[in-house]
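Written below as structure tokens is the structure these notes are about.
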Amino acid sequence: VGAQAQLLRDRGWWVVVASAPDLPPAQADRARRDIEARMKPCGLAPYGDFSSKFSGFRPGVMVYVLGAYATRSEAQYVRETASACAPAAYLKQGRYAGE
């Protein structure tokens, strides 16, 4: 992946499908599996990471996201799909710092 493509993939609009407090590893793994199972019927596979790795996100929790999407309308379309499995899904703009 080129540097420009990587930059675009890590910045934009995110669909947040769930968040959870920072839990001990066994509980965090169980929460991740539960969220993944809940999203599977919608055909979506969110990934989780610490919110502190995202600019513009409130630190201190694990977030499970889809994205990033270049436009708000693209993210909104995905949020509408995700809402069947995660009714509280919402949009957040930011940049992911990654590892």
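Residue numbers start at 1 in each chain; chains themselves are named A, B, ... in the order of the structure tokens; ligands are numbered from 1 in the order shown.
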Practice task
Mind the document's chain letters and residue numbers, and return as a VMD selection string the residues of chain A that DSSP labels alpha helix (DSSP H).
Solution key: chain A and resid 3 to 9 25 to 39 72 to 82
Would you mind exporting the chosen residues as a PDB file, in the first residue's frame, restricted to C-alpha atoms?
```pdb
ATOM      1  CA  ALA A   3       1.899   6.135   1.551  1.00  0.00           C
ATOM      2  CA  GLN A   4      -0.985   8.186   0.111  1.00  0.00           C
ATOM      3  CA  ALA A   5      -3.374   5.219   0.184  1.00  0.00           C
ATOM      4  CA  GLN A   6      -2.385   4.431   3.779  1.00  0.00           C
ATOM      5  CA  LEU A   7      -2.928   8.051   4.791  1.00  0.00           C
ATOM      6  CA  LEU A   8      -6.399   8.073   3.263  1.00  0.00           C
ATOM      7  CA  ARG A   9      -7.362   4.778   4.874  1.00  0.00           C
ATOM      8  CA  PRO A  25      -7.329  -9.397  28.581  1.00  0.00           C
ATOM      9  CA  ALA A  26      -9.769 -12.312  29.068  1.00  0.00           C
ATOM     10  CA  GLN A  27     -12.761  -9.983  29.472  1.00  0.00           C
ATOM     11  CA  ALA A  28     -11.613  -7.794  26.562  1.00  0.00           C
ATOM     12  CA  ASP A  29     -11.353 -10.851  24.336  1.00  0.00           C
ATOM     13  CA  ARG A  30     -14.858 -11.960  25.332  1.00  0.00           C
ATOM     14  CA  ALA A  31     -16.231  -8.451  24.616  1.00  0.00           C
ATOM     15  CA  ARG A  32     -14.509  -8.425  21.198  1.00  0.00           C
ATOM     16  CA  ARG A  33     -15.967 -11.833  20.302  1.00  0.00           C
ATOM     17  CA  ASP A  34     -19.453 -10.713  21.396  1.00  0.00           C
ATOM     18  CA  ILE A  35     -19.254  -7.555  19.279  1.00  0.00           C
ATOM     19  CA  GLU A  36     -17.939  -9.463  16.256  1.00  0.00           C
ATOM     20  CA  ALA A  37     -20.749 -12.038  16.607  1.00  0.00           C
ATOM     21  CA  ARG A  38     -23.358  -9.287  16.894  1.00  0.00           C
ATOM     22  CA  MET A  39     -22.087  -7.606  13.698  1.00  0.00           C
ATOM     23  CA  ARG A  72     -19.609  11.518   5.757  1.00  0.00           C
ATOM     24  CA  SER A  73     -22.266  10.246   3.332  1.00  0.00           C
ATOM     25  CA  GLU A  74     -20.312   7.028   2.697  1.00  0.00           C
ATOM     26  CA  ALA A  75     -19.924   6.494   6.451  1.00  0.00           C
ATOM     27  CA  GLN A  76     -23.620   7.269   6.982  1.00  0.00           C
ATOM     28  CA  TYR A  77     -24.555   4.578   4.451  1.00  0.00           C
ATOM     29  CA  VAL A  78     -22.439   2.023   6.362  1.00  0.00           C
ATOM     30  CA  ARG A  79     -23.883   3.239   9.695  1.00  0.00           C
ATOM     31  CA  GLU A  80     -27.387   2.599   8.398  1.00  0.00           C
ATOM     32  CA  THR A  81     -26.393  -0.972   7.503  1.00  0.00           C
ATOM     33  CA  ALA A  82     -24.630  -1.435  10.850  1.00  0.00           C
TER      34      ALA A  82
END
```
Exercise for the section: Using DSSP on the backbone coordinates, identify the residues of range 1-78 of chain A assigned to strand (DSSP E); present them as a list in words. Expected result: Arg11, Gly12, Trp13, Trp14, Val15, Val16, Val17, Ala18, Ser19, Ala20, Pro21, Tyr47, Gly48, Asp49, Phe50, Phe54, Ser55, Val61, Met62, Val63, Tyr64, Val65, Leu66, Gly67, Ala68 and Tyr69 of chain A
Save out the residues we just selected, C-alpha atoms, as a compact mmCIF listing (two decimals), in the first residue's frame.
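The file below, result.txt, is the result:
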```txt
# COMPACT_ATOMS: atom_id res chain seq x y z
CA ARG A 11 -8.19 9.35 8.21
CA GLY A 12 -11.80 10.29 7.64
CA TRP A 13 -15.15 9.19 8.98
CA TRP A 14 -15.48 6.17 11.24
CA VAL A 15 -18.57 4.19 12.17
CA VAL A 16 -18.32 3.38 15.86
CA VAL A 17 -20.41 0.27 16.51
CA ALA A 18 -19.44 -0.26 20.16
CA SER A 19 -17.16 0.88 22.92
CA ALA A 20 -16.12 -0.74 26.15
CA PRO A 21 -13.99 0.17 29.13
CA TYR A 47 -11.94 -3.93 14.53
CA GLY A 48 -11.14 -2.73 17.98
CA ASP A 49 -8.38 -0.58 19.38
CA PHE A 50 -7.79 1.94 22.13
CA PHE A 54 -7.72 8.01 17.27
CA SER A 55 -7.46 11.78 17.11
CA VAL A 61 -12.05 3.12 26.15
CA MET A 62 -11.80 0.42 23.51
CA VAL A 63 -13.67 1.36 20.36
CA TYR A 64 -14.92 -1.03 17.70
CA VAL A 65 -15.04 0.71 14.35
CA LEU A 66 -15.66 0.37 10.64
CA GLY A 67 -13.79 2.64 8.26
CA ALA A 68 -12.29 5.04 7.65
CA TYR A 69 -14.52 6.45 4.96
```
Handout entry: d(CA of Ala97 in chain A, CA of Lys53 in chain A) in Å
Key =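 We find that CA of Ala97 in chain A and CA of Lys53 in chain A lie 5.2 Å from each other.
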Exercise for the section: Return the single residue from A:Lys92, A:Pro24, A:Cys85, A:Thr71 that is closest to Ala45 in chain A, with distances computed using only C-alpha atoms. Expected result: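 Under the stated criterion, the closest residue is A:Cys85.
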